[in-house]
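S.K.: Sending over a structure as structure tokens; questions will come in a sec.
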Amino acid sequence: MQLLPTILVPFVLSTLCLFSPSSLLWLLKIFRSICYSEPPHNYSRLLRDIKNVLDPPRAPGMIAILLQERADSNKRLIRALNISNTFVSSEVAVHEQFVRQARHLLNNVKGRGWQSFQSTTFDAVRWQLEQDPSIEIPFDRFIQNITLVVVLLEILQVENPVEALSYDDITLIANHITTLWSLSKKSDPIPPDLLPALQAALRRIVINKNLFPDPLNFVVPAWETLWRVVATTVAYSFARTDYKESFQHFSAYPSERRFARASMMPGETVSVQAIVSEAMRLHPPSKHIGRVRCRSWCPEFFRKWLARPGWIFRKKSADIQKILRCHEIWGSDSDTFDPSRCQEFAGREEEQSAALGLVFGHGPLKCIASSWAPVAAAVISGAILEQFNESMGHTLQVGAEIGGRTGWIGWSVIRKED
Ligand code: HEM
């Protein structure tokens, strides 16, 4: 018996010596996760994992590292869309310049006020309906075009009146961004004619080359997310009289105050904010936010000189969708649409609003439009929902399921015959 520790201890110690410190750390982590396993839908764990990906404690405020990790993860967008903005660049100067210009553009929109924004939105809806007189318009195209016109006229400050816009160009831009985005996720070659056609159509509308050397750099982050929030909000609201009441009240005089509060009007049950928040909770435009990280044992200093083998770099993903459906804070019916949960927050207000905020990312690279975009989505949704009132000439044909970037099969805007 005395022999056992004499043999075992040196054996264990010499085996441990064969491992590098980081492998030992991994062994320790595995041991710890076995001993203290948490349930898979544990809110604190999900939040910690997301923060570790988007703003890791080992790189507090180290913007250069965060930018590099994001750029490495978004490389596919350069191949597909040839953009050069901060989403694909590791340069701190590009980040500063891009964010400064984006904030400036947003401040201009804010300065003109919500009434002005709404007036552009009504123009865009009217224009879309006039330009396409078909009996049936695909719902995704309808929402994409309206939101794109609003983004171009309001954020990119295109000075042309809406009537001067080419319907073919707008439709092509929306369609090609969506197609190229989807193609960027596949390894197949991308048809070479798509990007030049997209760039040419956009340049015919955004003519200021000094301000926007490549307008796609701004159109992609602003439009690509916004139209999907509008689409889901409209899809969930159009058949609900109470939600439409809320939008009617908000649209009568759109403001942050009306956005946040349900009026005491009969029939109105929830605020517009609760409806938009619930749409974003159930269908966040960025379900996963990706990063490519240098493994901990590899000094950051070397990463620029190294090729990209998987054993040096690994993909990380912040699982936004999972925390937004986590039963622990949203309840066991978290897969269903119920804006009242975002209205009352059922006693877990802090956790629920922190989780909702993650729709816009986390940490130093968090979206600069996080408080503006939900109100903007509500204004656009409100203007569209008005078209589906009894007295107006349109109705919405519903498809099998709510789509995302794609997947709106069966959904269309139907013009009622006189
Ligand atoms: C509902 C609509 C929107 C959603 C859900 C959304 C979501 C996001 C997310 C998740 C990020 C972080 C990306 C990352 O960490 O890799 C982000 C960043 C950003 N967004 Fe948005 N966004 C929206 C609308 C907008 C709009 C309208 C603008 C334009 C004015 C905008 C401008 C930006 C910019 C400039 C950044 C980069 C911030 C930085 O790098 O410091 N977003 N957005």
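Letters A, B, ... mark the chains of the structure tokens in the order given; residue numbers begin at 1 per chain; ligand numbers begin at 1, in order shown.
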Check every protein, DNA and RNA residue against ligand 1, keep those with an atom at most 7 Å away (counting only C-alpha atoms and all ligand atoms), and present them as an NGL selection string.
M.R.: :A and (54 or 70 or 86-87 or 95 or 98-99 or 102-103 or 105-106 or 155 or 218 or 221-223 or 225-226 or 229 or 284-286 or 289-290 or 359-362 or 364-370 or 373-374 or 377)
S.K.: Take the residues from that selection and put them in a file with N, CA, C and O atoms, as a compact mmCIF listing (two decimals), in the first residue's frame.
M.R.:
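This is the output file result.txt:
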# COMPACT_ATOMS: atom_id res chain seq x y z
N LEU A 54 -17.93 39.81 -26.62
CA LEU A 54 -17.99 41.17 -27.19
C LEU A 54 -17.12 42.19 -26.47
O LEU A 54 -16.71 43.19 -27.07
N ARG A 70 -13.47 41.66 -34.79
CA ARG A 70 -14.70 41.83 -35.59
C ARG A 70 -14.38 41.77 -37.08
O ARG A 70 -15.08 41.12 -37.85
N THR A 86 -16.03 50.32 -40.68
CA THR A 86 -15.45 49.79 -39.44
C THR A 86 -15.85 48.33 -39.14
O THR A 86 -15.19 47.65 -38.37
N PHE A 87 -16.90 47.84 -39.79
CA PHE A 87 -17.31 46.45 -39.54
C PHE A 87 -16.32 45.45 -40.12
O PHE A 87 -16.26 44.31 -39.71
N HIS A 95 -12.44 53.33 -37.57
CA HIS A 95 -13.54 53.26 -36.61
C HIS A 95 -13.94 54.66 -36.15
O HIS A 95 -15.11 55.04 -36.19
N PHE A 98 -15.56 56.67 -39.02
CA PHE A 98 -16.86 56.14 -39.44
C PHE A 98 -17.93 56.44 -38.39
O PHE A 98 -19.03 56.90 -38.71
N VAL A 99 -17.58 56.19 -37.13
CA VAL A 99 -18.55 56.40 -36.06
C VAL A 99 -18.87 57.91 -35.94
O VAL A 99 -20.03 58.29 -35.73
N ALA A 102 -21.22 58.71 -38.79
CA ALA A 102 -22.54 58.11 -38.56
C ALA A 102 -23.31 58.87 -37.48
O ALA A 102 -24.51 59.14 -37.61
N ARG A 103 -22.61 59.25 -36.42
CA ARG A 103 -23.27 60.03 -35.35
C ARG A 103 -23.75 61.37 -35.88
O ARG A 103 -24.84 61.83 -35.55
N LEU A 105 -24.60 62.09 -38.98
CA LEU A 105 -25.78 61.88 -39.83
C LEU A 105 -27.03 61.66 -38.98
O LEU A 105 -28.10 62.21 -39.25
N LEU A 106 -26.87 60.86 -37.91
CA LEU A 106 -28.02 60.59 -37.03
C LEU A 106 -28.47 61.85 -36.31
O LEU A 106 -29.67 62.11 -36.17
N ILE A 155 -31.24 59.53 -43.64
CA ILE A 155 -29.90 59.37 -43.04
C ILE A 155 -28.81 59.81 -44.02
O ILE A 155 -27.90 60.55 -43.67
N PHE A 218 -22.54 52.94 -45.50
CA PHE A 218 -23.56 53.43 -44.55
C PHE A 218 -24.90 52.74 -44.76
O PHE A 218 -25.62 52.47 -43.80
N PRO A 221 -25.19 48.96 -42.84
CA PRO A 221 -25.53 48.84 -41.41
C PRO A 221 -26.86 49.51 -41.04
O PRO A 221 -27.55 49.03 -40.14
N ALA A 222 -27.21 50.60 -41.73
CA ALA A 222 -28.43 51.31 -41.33
C ALA A 222 -29.69 50.61 -41.83
O ALA A 222 -30.67 50.48 -41.09
N TRP A 223 -29.68 50.14 -43.06
CA TRP A 223 -30.91 49.59 -43.67
C TRP A 223 -31.11 48.11 -43.40
O TRP A 223 -32.23 47.66 -43.12
N THR A 225 -30.57 46.09 -41.04
CA THR A 225 -31.19 45.67 -39.78
C THR A 225 -32.59 46.28 -39.61
O THR A 225 -33.53 45.61 -39.19
N LEU A 226 -32.68 47.56 -39.99
CA LEU A 226 -33.92 48.31 -39.74
C LEU A 226 -35.13 47.71 -40.46
O LEU A 226 -36.21 47.58 -39.89
N VAL A 229 -36.69 44.75 -38.67
CA VAL A 229 -37.47 45.08 -37.46
C VAL A 229 -38.85 45.61 -37.89
O VAL A 229 -39.88 45.24 -37.31
N PRO A 284 -34.33 38.98 -33.30
CA PRO A 284 -33.25 39.98 -33.33
C PRO A 284 -32.55 39.96 -34.69
O PRO A 284 -32.24 38.87 -35.19
N PRO A 285 -32.34 41.14 -35.31
CA PRO A 285 -31.67 41.13 -36.63
C PRO A 285 -30.29 40.46 -36.58
O PRO A 285 -29.91 39.79 -37.52
N SER A 286 -29.54 40.64 -35.48
CA SER A 286 -28.27 39.92 -35.37
C SER A 286 -28.44 38.84 -34.31
O SER A 286 -28.30 39.09 -33.12
N ILE A 289 -23.51 37.40 -32.88
CA ILE A 289 -22.50 38.38 -33.29
C ILE A 289 -21.14 37.69 -33.20
O ILE A 289 -20.74 37.22 -32.13
N GLY A 290 -20.47 37.63 -34.34
CA GLY A 290 -19.26 36.81 -34.42
C GLY A 290 -17.97 37.58 -34.17
O GLY A 290 -17.89 38.79 -34.37
N VAL A 359 -29.62 43.36 -28.29
CA VAL A 359 -30.00 43.40 -29.71
C VAL A 359 -29.05 44.33 -30.46
O VAL A 359 -28.78 44.15 -31.65
N PHE A 360 -28.51 45.31 -29.76
CA PHE A 360 -27.64 46.30 -30.39
C PHE A 360 -26.17 46.07 -30.05
O PHE A 360 -25.34 46.96 -30.17
N GLY A 361 -25.85 44.87 -29.59
CA GLY A 361 -24.46 44.56 -29.27
C GLY A 361 -24.13 44.97 -27.84
O GLY A 361 -25.02 45.32 -27.04
N HIS A 362 -22.83 44.95 -27.54
CA HIS A 362 -22.41 45.24 -26.16
C HIS A 362 -20.97 45.76 -26.17
O HIS A 362 -20.17 45.35 -27.00
N PRO A 364 -17.68 48.50 -26.23
CA PRO A 364 -17.26 49.69 -26.98
C PRO A 364 -17.75 49.71 -28.43
O PRO A 364 -17.79 50.78 -29.04
N LEU A 365 -18.15 48.55 -28.99
CA LEU A 365 -18.59 48.55 -30.39
C LEU A 365 -20.12 48.48 -30.51
O LEU A 365 -20.65 48.18 -31.58
N LYS A 366 -20.79 48.77 -29.43
CA LYS A 366 -22.26 48.73 -29.43
C LYS A 366 -22.82 49.74 -30.44
O LYS A 366 -22.23 50.80 -30.67
N CYS A 367 -23.99 49.42 -31.00
CA CYS A 367 -24.62 50.26 -32.02
C CYS A 367 -24.84 51.69 -31.53
O CYS A 367 -25.31 51.89 -30.40
N ILE A 368 -24.54 52.63 -32.40
CA ILE A 368 -24.72 54.03 -32.02
C ILE A 368 -26.18 54.47 -32.15
O ILE A 368 -26.55 55.55 -31.69
N ALA A 369 -27.00 53.62 -32.80
CA ALA A 369 -28.40 54.01 -33.04
C ALA A 369 -29.35 53.26 -32.12
O ALA A 369 -30.55 53.18 -32.40
N SER A 370 -28.83 52.73 -30.99
CA SER A 370 -29.65 51.83 -30.18
C SER A 370 -30.90 52.49 -29.59
O SER A 370 -31.90 51.83 -29.37
N ALA A 373 -33.06 53.86 -33.31
CA ALA A 373 -33.61 52.90 -34.29
C ALA A 373 -34.98 52.32 -33.90
O ALA A 373 -35.85 52.20 -34.76
N PRO A 374 -35.22 51.96 -32.61
CA PRO A 374 -36.55 51.41 -32.29
C PRO A 374 -37.68 52.42 -32.54
O PRO A 374 -38.76 52.04 -33.03
N ALA A 377 -38.14 52.62 -36.28
CA ALA A 377 -38.87 51.43 -36.77
C ALA A 377 -40.36 51.58 -36.47
O ALA A 377 -41.21 51.18 -37.28
S.K.: Give one line per residue of stretch 178-266 of chain A that approaches stretch 134-154 of chain A to at most 10 Å, naming the two atoms of the closest pair and their distance in Å to one decimal, counting only C-alpha atoms; sort by chain then ascending residue number and deliver it as JSON lines.
M.R.:
{"residue": "A:Thr178", "atom": "CA", "partner": "A:Gln144", "partner_atom": "CA", "distance": 9.7}
{"residue": "A:Leu202", "atom": "CA", "partner": "A:Leu152", "partner_atom": "CA", "distance": 9.6}
{"residue": "A:Ile205", "atom": "CA", "partner": "A:Leu152", "partner_atom": "CA", "distance": 8.4}
{"residue": "A:Val206", "atom": "CA", "partner": "A:Leu152", "partner_atom": "CA", "distance": 7.8}
{"residue": "A:Pro215", "atom": "CA", "partner": "A:Leu152", "partner_atom": "CA", "distance": 9.5}
{"residue": "A:Phe218", "atom": "CA", "partner": "A:Val151", "partner_atom": "CA", "distance": 9.5}
{"residue": "A:Val219", "atom": "CA", "partner": "A:Val151", "partner_atom": "CA", "distance": 7.3}
{"residue": "A:Val220", "atom": "CA", "partner": "A:Leu148", "partner_atom": "CA", "distance": 9.9}
{"residue": "A:Ala222", "atom": "CA", "partner": "A:Val151", "partner_atom": "CA", "distance": 7.1}
{"residue": "A:Trp223", "atom": "CA", "partner": "A:Leu148", "partner_atom": "CA", "distance": 6.1}
{"residue": "A:Glu224", "atom": "CA", "partner": "A:Gln144", "partner_atom": "CA", "distance": 8.7}
{"residue": "A:Leu226", "atom": "CA", "partner": "A:Thr147", "partner_atom": "CA", "distance": 7.4}
{"residue": "A:Trp227", "atom": "CA", "partner": "A:Gln144", "partner_atom": "CA", "distance": 5.6}
{"residue": "A:Arg228", "atom": "CA", "partner": "A:Gln144", "partner_atom": "CA", "distance": 8.0}
{"residue": "A:Val229", "atom": "CA", "partner": "A:Ile143", "partner_atom": "CA", "distance": 9.9}
{"residue": "A:Val230", "atom": "CA", "partner": "A:Ile143", "partner_atom": "CA", "distance": 7.2}
{"residue": "A:Ala231", "atom": "CA", "partner": "A:Ile143", "partner_atom": "CA", "distance": 6.2}
{"residue": "A:Thr232", "atom": "CA", "partner": "A:Ile143", "partner_atom": "CA", "distance": 10.0}
{"residue": "A:Val234", "atom": "CA", "partner": "A:Ile143", "partner_atom": "CA", "distance": 9.2}
{"residue": "A:Ala235", "atom": "CA", "partner": "A:Phe139", "partner_atom": "CA", "distance": 9.3}
S.K.: Quote the spacing between atom CA of A:Ala274 and atom CA of A:Cys342 in Å to one decimal place.
M.R.: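 Atom CA of A:Ala274 sits 5.0 Å away from atom CA of A:Cys342.
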S.K.: Based on DSSP run over this structure's backbone, return all residues of stretch 45-294 of chain A in strand (DSSP E), as a ChimeraX atom specification.
M.R.: /A:136-138,288-294
S.K.: Rank A:Leu216, A:Val270, A:Ala80, A:Ala124 by their smallest atom-to-atom distance to A:Ser187, using only C-alpha atoms, and report the top residue only.
M.R.: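 Of all the options, A:Ala80 lies closest to A:Ser187.
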S.K.: Using only C-alpha atoms, can you tell me which of A:Thr121, A:Gln128, A:Gln199, A:Gln97 comes closest to A:Leu81?
M.R.: A:Gln199
S.K.: Between A:Glu163, A:Glu417, A:Glu256, A:Glu350, which residue has the minimum interatomic distance to A:Trp114, considering only C-alpha atoms?
M.R.: A:Glu256
S.K.: Name the residues in contact with A:Gly410 at a cut-off of 9 Å, using only C-alpha atoms, excluding same-chain residues fewer than 3 positions from it; report them as a list in words.
M.R.: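 Close residues of A:Gly410: Pro138, Phe139, Gln397, Val398, Gly399, Ala400, Glu401 and Gly407 of chain A.
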S.K.: Mind listing the alpha helix (DSSP H) residues of stretch 170-256 of chain A, per DSSP on the backbone, as number ranges by chain?
M.R.: A: 170-184, 194-205, 216-237, 241-252, 256
S.K.: Report, in Å to a single decimal, how far apart atom CA of A:Ser271 and atom CA of A:Arg257 are.
M.R.: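 Between these atoms lies a distance of 10.2 Å.
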S.K.: Write out as a PyMOL selection string which residues come within 8 Å of A:Val88 when counting only C-alpha atoms, dropping same-chain ones fewer than 5 positions away.
M.R.: chain A and resi 70-72+74-75+77-78+83
